[in-house]
Amino acid sequence: MEDQIEIYRSADNQIELQVNLNHETVWLNQVQMGHLFGRDQSVISRHIRNVFKEGELEEKSNMQKMHIANSDKPVTFFNLEVIISVGYRVNSKRGTQFRQWATQRLKDYLVKGYAINEKRLAEKQL
């Protein structure tokens with residue numbers, strides 16, 4: 001992975017999402033998405049299957065297998081489009097918090113033309 005940054009923190013500060021940036025997108029595996037949305041990996045897996053099965057996204061261009069440290073087999077990671085799609089499908093408090101956060105970021109981009117990662121900005125100013 002090229003870079004890792006925090007892009008999301010839940011409203012109750014219980015979840016802080018450190019993401020890997022690679023090829024101009026964010027990548028998470030099913031375990032990370034389960035943690036983000038407060039749901040079991042099997043629930044995340046079902047939602048991902050449905051995203052692809054229903055034709056919302058194309059499987060080939062939205063996932064990739066990557067090797068991670070201390071693992072002898074590749075792990076499947078899913079890009080931001082899949083993460084957002086699952087986030088809008090999952091029914092949980094954390095899913096709701098993520099949807100509210102994602103909607104606010106989208107609103108910032110549409111209205112202001114930008115969104116600010118305040119933590120990253122503060123770190124660069126130190």
# chains A, B, ... in the order shown; residues from 1 in each chain; ligands from 1
>>> residues_around(residues="range 48-55 of chain A", least_positions_apart="3", cutoff="8 Å", atoms="only C-alpha atoms", output="list of chain:residue names")
A:Ile44, A:Ser45, A:Glu58, A:Glu59, A:Val82, A:Ser85, A:Val86
>>> select_by_dssp(residues="range 13-104 of chain A", states="alpha helix (DSSP H)", output="number ranges by chain")
A: 30-37, 41-53, 59-62, 80-87, 93-104
>>> closest_residue(among="A:Arg89, A:Asn79, A:Lys65, A:Gly95", to="Arg46 in chain A", atoms="only C-alpha atoms")
A:Arg89
>>> residues_around(residues="Phe37 in chain A", least_positions_apart="4", cutoff="9 Å", atoms="only C-alpha atoms", output="JSON, numbers by chain")
{"A": [32, 33, 44, 86, 87, 90, 91, 92, 93, 94, 95, 96, 97, 98]}
>>> write_last_selection(atoms="N, CA and C atoms", output="short mmCIF file (atom, residue, chain, number, x, y, z; two decimals), in the first residue's frame")
data_model
loop_
_atom_site.label_atom_id
_atom_site.label_comp_id
_atom_site.auth_asym_id
_atom_site.auth_seq_id
_atom_site.Cartn_x
_atom_site.Cartn_y
_atom_site.Cartn_z
N GLN A 32 -12.31 -5.55 8.01
CA GLN A 32 -12.29 -4.12 8.29
C GLN A 32 -13.68 -3.50 8.10
N MET A 33 -14.39 -3.91 7.05
CA MET A 33 -15.75 -3.39 6.83
C MET A 33 -16.68 -3.85 7.95
N ILE A 44 -21.41 -8.78 5.95
CA ILE A 44 -20.68 -7.96 4.98
C ILE A 44 -20.52 -8.72 3.67
N VAL A 86 -21.95 -1.02 0.48
CA VAL A 86 -22.24 -1.85 1.65
C VAL A 86 -22.74 -0.96 2.79
N GLY A 87 -22.11 0.20 2.97
CA GLY A 87 -22.51 1.11 4.04
C GLY A 87 -23.96 1.57 3.92
N VAL A 90 -26.15 -1.90 4.92
CA VAL A 90 -26.08 -2.52 6.24
C VAL A 90 -27.00 -1.79 7.22
N ASN A 91 -27.63 -2.55 8.09
CA ASN A 91 -28.55 -1.98 9.06
C ASN A 91 -27.93 -2.08 10.45
N SER A 92 -27.28 -1.01 10.87
CA SER A 92 -26.66 -0.96 12.19
C SER A 92 -26.43 0.49 12.59
N LYS A 93 -26.20 0.70 13.86
CA LYS A 93 -25.91 2.06 14.35
C LYS A 93 -24.66 2.61 13.65
N ARG A 94 -23.64 1.78 13.55
CA ARG A 94 -22.40 2.21 12.91
C ARG A 94 -22.62 2.48 11.41
N GLY A 95 -23.46 1.67 10.79
CA GLY A 95 -23.80 1.90 9.39
C GLY A 95 -24.48 3.25 9.21
N THR A 96 -25.39 3.57 10.12
CA THR A 96 -26.07 4.86 10.08
C THR A 96 -25.08 6.00 10.27
N GLN A 97 -24.17 5.85 11.23
CA GLN A 97 -23.15 6.89 11.45
C GLN A 97 -22.29 7.08 10.21
N PHE A 98 -21.91 5.97 9.58
CA PHE A 98 -21.10 6.06 8.36
C PHE A 98 -21.87 6.75 7.26
#
>>> closest_residue(among="A:Phe78, A:Met66, A:Ser61, A:Ser42", to="Asn29 in chain A", atoms="only C-alpha atoms")
A:Phe78
>>> atom_distance(atom1="CA of Lys73 in chain A", atom2="CA of Glu56 in chain A")
28.3 Å
>>> atom_distance(atom1="CA of Tyr109 in chain A", atom2="CA of Val26 in chain A")
17.4 Å
>>> closest_residue(among="A:Val111, A:Leu36, A:Ala69, A:Met63", to="Arg99 in chain A", atoms="only C-alpha atoms")
A:Leu36
>>> closest_residue(among="A:His35, A:Trp27, A:Thr103, A:Val75", to="Asn62 in chain A", atoms="only C-alpha atoms")
A:Trp27
>>> atom_distance(atom1="CA of His47 in chain A", atom2="CA of Lys60 in chain A")
16.3 Å
>>> select_by_dssp(residues="range 30-124 of chain A", states="strand (DSSP E)", output="list of chain:residue names")
A:Met63, A:Gln64, A:Lys65, A:Met66, A:Val75, A:Thr76, A:Phe77, A:Phe78, A:Asn79
>>> write_last_selection(atoms="N, CA and C atoms", output="short mmCIF file (atom, residue, chain, number, x, y, z; two decimals), in the first residue's frame")
data_model
loop_
_atom_site.label_atom_id
_atom_site.label_comp_id
_atom_site.auth_asym_id
_atom_site.auth_seq_id
_atom_site.Cartn_x
_atom_site.Cartn_y
_atom_site.Cartn_z
N MET A 63 -12.44 -4.83 -6.88
CA MET A 63 -11.78 -5.63 -5.86
C MET A 63 -10.41 -6.06 -6.36
N GLN A 64 -9.53 -6.32 -5.42
CA GLN A 64 -8.23 -6.85 -5.79
C GLN A 64 -7.65 -7.65 -4.64
N LYS A 65 -6.86 -8.62 -4.99
CA LYS A 65 -6.21 -9.45 -3.98
C LYS A 65 -4.84 -8.85 -3.70
N MET A 66 -4.54 -8.70 -2.41
CA MET A 66 -3.26 -8.12 -2.00
C MET A 66 -2.64 -9.00 -0.93
N VAL A 75 -5.28 -11.55 0.45
CA VAL A 75 -6.55 -11.15 1.05
C VAL A 75 -7.28 -10.29 0.03
N THR A 76 -8.59 -10.47 -0.08
CA THR A 76 -9.39 -9.68 -1.02
C THR A 76 -9.76 -8.35 -0.38
N PHE A 77 -9.45 -7.28 -1.09
CA PHE A 77 -9.79 -5.93 -0.65
C PHE A 77 -10.79 -5.34 -1.64
N PHE A 78 -11.65 -4.47 -1.13
CA PHE A 78 -12.69 -3.85 -1.94
C PHE A 78 -12.50 -2.35 -1.89
N ASN A 79 -12.77 -1.68 -3.01
CA ASN A 79 -12.51 -0.25 -3.10
C ASN A 79 -13.64 0.59 -2.48
#
>>> residues_around(residues="Ile84 in chain A", least_positions_apart="4", cutoff="8 Å", atoms="only C-alpha atoms", output="number ranges by chain")
A: 80, 88, 102
